[in-house]
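Trainee: Got entry28.cif for you, mmCIF, C-alpha atoms:
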```cif
data_target
loop_
_atom_site.label_atom_id
_atom_site.label_comp_id
_atom_site.auth_asym_id
_atom_site.auth_seq_id
_atom_site.Cartn_x
_atom_site.Cartn_y
_atom_site.Cartn_z
CA MET A 1 225.17 89.65 147.71
CA THR A 2 224.35 88.50 151.18
CA ILE A 3 222.12 85.69 152.30
CA ALA A 4 219.46 88.23 153.18
CA ASP A 5 219.48 89.49 149.59
CA TRP A 6 219.11 85.96 148.21
CA LEU A 7 216.27 85.26 150.64
CA MET A 8 214.55 88.48 149.55
CA ILE A 9 214.87 87.51 145.86
CA ALA A 10 213.55 84.00 146.59
CA ALA A 11 210.62 85.45 148.55
CA VAL A 12 209.77 87.87 145.74
CA LEU A 13 209.92 85.11 143.12
CA LEU A 14 208.35 82.25 145.09
CA GLY A 15 205.73 84.24 147.04
CA PRO A 16 203.23 84.60 144.18
CA ILE A 17 203.74 80.99 143.09
CA ILE A 18 203.11 79.70 146.59
CA ALA A 19 200.07 81.97 146.95
CA VAL A 20 198.56 80.70 143.69
CA GLN A 21 199.21 77.07 144.63
CA LEU A 22 197.67 77.59 148.07
CA THR A 23 194.62 79.27 146.53
CA ARG A 24 194.19 76.39 144.06
CA HIS A 25 194.49 73.87 146.87
CA LEU A 26 191.85 75.64 148.94
CA ASP A 27 189.55 75.97 145.92
CA ASN A 28 189.91 72.24 145.19
CA LYS A 29 189.03 71.37 148.79
CA LYS A 30 186.00 73.64 148.62
CA GLU A 31 184.84 72.03 145.34
CA GLU A 32 185.27 68.55 146.81
CA ARG A 33 183.15 69.50 149.81
CA GLU A 34 180.51 71.07 147.56
CA ARG A 35 180.23 67.85 145.52
CA LYS A 36 179.87 65.79 148.70
CA LEU A 37 177.24 68.21 149.97
CA GLU A 38 175.36 67.95 146.68
CA VAL A 39 175.22 64.15 147.00
CA PHE A 40 174.12 64.37 150.62
CA LYS A 41 171.50 67.05 150.00
CA THR A 42 170.05 65.11 147.08
CA LEU A 43 169.80 61.92 149.13
CA MET A 44 168.20 63.79 152.04
CA ALA A 45 165.76 65.57 149.74
CA THR A 46 164.76 62.36 147.95
CA ARG A 47 164.83 59.96 150.90
CA ALA A 48 161.07 59.45 150.62
CA TYR A 49 161.42 58.78 146.85
CA THR A 50 164.14 56.16 146.68
CA VAL A 51 163.35 55.12 143.11
CA SER A 52 163.65 58.64 141.70
CA LEU A 53 166.40 59.15 139.14
CA ASP A 54 168.04 61.93 141.19
CA HIS A 55 168.22 59.62 144.20
CA VAL A 56 169.81 56.77 142.25
CA VAL A 57 172.32 59.10 140.56
CA ALA A 58 173.33 60.53 143.95
CA LEU A 59 173.83 57.02 145.36
CA ASN A 60 176.05 56.10 142.44
CA ARG A 61 178.17 59.22 142.99
CA ILE A 62 179.15 58.22 146.54
CA ASP A 63 182.11 56.16 145.30
CA LEU A 64 183.26 59.11 143.19
CA GLU A 65 182.97 61.87 145.75
CA PHE A 66 183.94 60.24 149.06
CA ASP A 67 187.53 59.17 149.70
CA LYS A 68 188.11 55.73 151.21
CA GLY A 69 191.60 56.92 152.20
CA ASP A 70 190.09 59.31 154.74
CA ASN A 71 188.99 57.48 157.92
CA ASN A 72 185.73 59.42 158.32
CA GLU A 73 184.83 59.10 154.67
CA LYS A 74 185.80 55.43 154.67
CA ALA A 75 182.85 54.87 157.02
CA VAL A 76 180.58 56.40 154.36
CA ILE A 77 181.97 54.10 151.66
CA GLU A 78 181.53 51.05 153.91
CA ALA A 79 177.95 52.03 154.76
CA TRP A 80 177.26 52.52 151.02
CA LYS A 81 178.71 49.08 150.19
CA GLU A 82 176.53 47.43 152.84
CA TYR A 83 173.45 49.28 151.55
CA LEU A 84 174.28 48.41 147.94
CA ASP A 85 174.72 44.74 148.84
CA LEU A 86 171.22 44.74 150.30
CA LEU A 87 169.74 46.58 147.31
CA CYS A 88 171.09 43.84 145.03
CA ASP A 89 170.00 40.96 147.30
CA LYS A 90 166.81 39.31 146.05
CA SER A 91 166.94 36.37 148.49
CA ILE A 92 165.50 38.21 151.51
CA ALA A 93 161.77 38.27 152.23
CA PRO A 94 160.24 41.60 151.11
CA GLU A 95 159.14 42.62 154.63
CA GLN A 96 162.60 41.99 156.10
CA TRP A 97 164.29 43.58 153.09
CA SER A 98 162.24 46.75 153.44
CA VAL A 99 163.01 47.19 157.15
CA ARG A 100 166.69 46.44 156.62
CA ARG A 101 166.84 48.82 153.65
CA ILE A 102 165.57 51.71 155.73
CA ASP A 103 167.99 50.96 158.57
CA LEU A 104 170.99 50.77 156.25
CA PHE A 105 169.96 53.87 154.32
CA VAL A 106 169.54 55.87 157.54
CA GLU A 107 172.97 54.64 158.66
CA LEU A 108 174.49 55.78 155.35
CA LEU A 109 172.93 59.25 155.63
CA HIS A 110 174.02 59.51 159.25
CA LYS A 111 177.65 58.72 158.34
CA MET A 112 177.51 61.31 155.56
CA ALA A 113 176.02 63.89 157.94
CA GLN A 114 178.88 63.31 160.39
CA VAL A 115 181.52 63.74 157.69
CA LEU A 116 179.87 66.94 156.45
CA ASP A 117 179.35 68.39 159.95
CA TYR A 118 175.56 68.20 160.00
CA ASP A 119 174.01 67.50 163.38
CA PHE A 120 171.29 65.03 162.37
CA ASP A 121 170.51 62.04 164.52
CA LYS A 122 169.21 58.81 163.00
CA THR A 123 165.66 59.38 164.24
CA HIS A 124 165.52 62.76 162.54
CA ILE A 125 166.86 61.33 159.28
CA LYS A 126 164.38 58.45 159.36
CA ASN A 127 161.24 60.32 160.37
CA SER A 128 161.50 63.89 159.12
CA SER A 129 160.83 63.57 155.41
CA TYR A 130 157.54 64.56 153.82
CA SER A 131 155.84 62.62 151.09
CA PRO A 132 152.23 63.49 150.26
CA VAL A 133 149.80 60.60 149.93
CA ALA A 134 148.85 62.03 146.53
CA HIS A 135 152.39 61.38 145.26
CA GLY A 136 152.12 57.75 146.33
CA ASN A 137 148.75 57.45 144.62
CA ILE A 138 150.10 58.97 141.41
CA GLU A 139 153.04 56.56 141.41
CA GLU A 140 150.74 53.56 141.94
CA GLU A 141 148.41 54.72 139.14
CA GLN A 142 151.32 55.27 136.76
CA LYS A 143 152.66 51.83 137.63
CA ALA A 144 149.27 50.25 136.91
CA LEU A 145 148.95 52.18 133.64
CA ARG A 146 152.41 51.11 132.48
CA ALA A 147 151.77 47.47 133.40
CA GLY A 148 148.41 47.48 131.60
CA LEU A 149 149.81 49.15 128.49
CA ILE A 150 152.69 46.66 128.37
CA GLU A 151 150.18 43.78 128.53
CA VAL A 152 148.13 45.31 125.70
CA LEU A 153 151.20 45.89 123.54
CA ALA A 154 152.46 42.36 124.23
CA GLY A 155 149.09 40.93 123.16
CA LYS A 156 148.33 39.50 126.61
CA ARG A 157 145.31 41.75 127.16
CA SER A 158 142.79 43.39 124.92
CA ILE A 159 141.21 46.77 125.28
CA PRO A 160 137.54 46.37 126.22
CA MET A 161 135.25 48.21 123.86
CA THR A 162 131.55 48.96 123.92
CA VAL A 163 129.65 50.37 121.00
CA VAL A 164 127.27 53.04 122.25
CA ASN A 165 125.87 54.40 118.97
CA TRP A 166 125.41 52.37 115.81
CA PRO A 167 125.55 54.45 112.67
CA GLN A 168 122.16 54.92 111.05
CA ASN A 169 121.80 53.84 107.42
CA GLN A 170 120.53 56.63 105.21
#
```
Please rewrite the model in this file as structure tokens.

Mentor:
Amino acid sequence: MTIADWLMIAAVLLGPIIAVQLTRHLDNKKEERERKLEVFKTLMATRAYTVSLDHVVALNRIDLEFDKGDNNEKAVIEAWKEYLDLLCDKSIAPEQWSVRRIDLFVELLHKMAQVLDYDFDKTHIKNSSYSPVAHGNIEEEQKALRAGLIEVLAGKRSIPMTVVNWPQNQ
């Protein structure tokens, strides 16, 4: 057998194995990108509702889905760490905290957009979300209801009652 024969046998045997491995590699890369996109899309969709469960879950997935070994993605991880540090900081005045939170969150989304090849500038990210006033009102009412109910259940407040009809004795 000549070298050409051995090369032909090797190609016949190794070709399918290499093709399968290449396909698996490409599929894994596609799945990784899809997971990153899911995190990004959730954060963009819920950026006006930062206390929603979906928003919080997406934030907590950043460490899982983005790779600090990749230079571009490392910027996302660093922006997330800075944002997380602020979220956990209770020493800042509420007005300053709120402004800083928005700036850091916009920076985080902008870094993610760059990694995922979206062409969003920071102004667009900051100003292009929609949140109806009615949603804010509903959240405030639910917050007041929960606080009031907790006070009643804790015995700190009573439920006001007025008798409007006394039963008539027969």

Trainee: One number please: CA of Val39 (chain A) to CA of Met112 (chain A), in Å, one decimal.

Mentor: 9.3 Å

Trainee: Residues within 8 Å of Ile77 (chain A), please, as a PyMOL selection string. Count only C-alpha atoms; anything in the same chain fewer than 6 positions from it doesn't count.

Mentor: chain A and resi 62-63+66-68

Trainee: Please, what distance in Å, to one decimal, runs between CA of Tyr83 (chain A) and CA of Ala147 (chain A)?

Mentor: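 These two atoms are separated by 28.3 Å.
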
Trainee: Extract, using all atoms listed in the file, all DNA, RNA and protein residues at most 12 Å from region 128-136 of chain A, discarding same-chain residues fewer than 4 positions from it, and format them as a list in words.

Mentor: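 In the requested form, the answer reads Leu43, Met44, Ala45, Thr46, Arg47, Ala48, Tyr49, Thr50, Val51, Val106, Phe120, Asp121, Lys122, Thr123, His124, Glu140, Glu141, Gln142 and Lys143 of chain A.
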
Trainee: Convert the current residue selection to file output with C-alpha atoms, as a compact mmCIF listing (two decimals), keeping the file's coordinate frame.

Mentor:
```
# COMPACT_ATOMS: atom_id res chain seq x y z
CA LEU A 43 169.80 61.92 149.13
CA MET A 44 168.20 63.79 152.04
CA ALA A 45 165.76 65.57 149.74
CA THR A 46 164.76 62.36 147.95
CA ARG A 47 164.83 59.96 150.90
CA ALA A 48 161.07 59.45 150.62
CA TYR A 49 161.42 58.78 146.85
CA THR A 50 164.14 56.16 146.68
CA VAL A 51 163.35 55.12 143.11
CA VAL A 106 169.54 55.87 157.54
CA PHE A 120 171.29 65.03 162.37
CA ASP A 121 170.51 62.04 164.52
CA LYS A 122 169.21 58.81 163.00
CA THR A 123 165.66 59.38 164.24
CA HIS A 124 165.52 62.76 162.54
CA GLU A 140 150.74 53.56 141.94
CA GLU A 141 148.41 54.72 139.14
CA GLN A 142 151.32 55.27 136.76
CA LYS A 143 152.66 51.83 137.63
```

Trainee: One decimal, Å: what's the distance from CA of Arg35 (chain A) over to CA of Glu82 (chain A), could you say?

Mentor: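 Those two atoms sit 22.0 Å apart.
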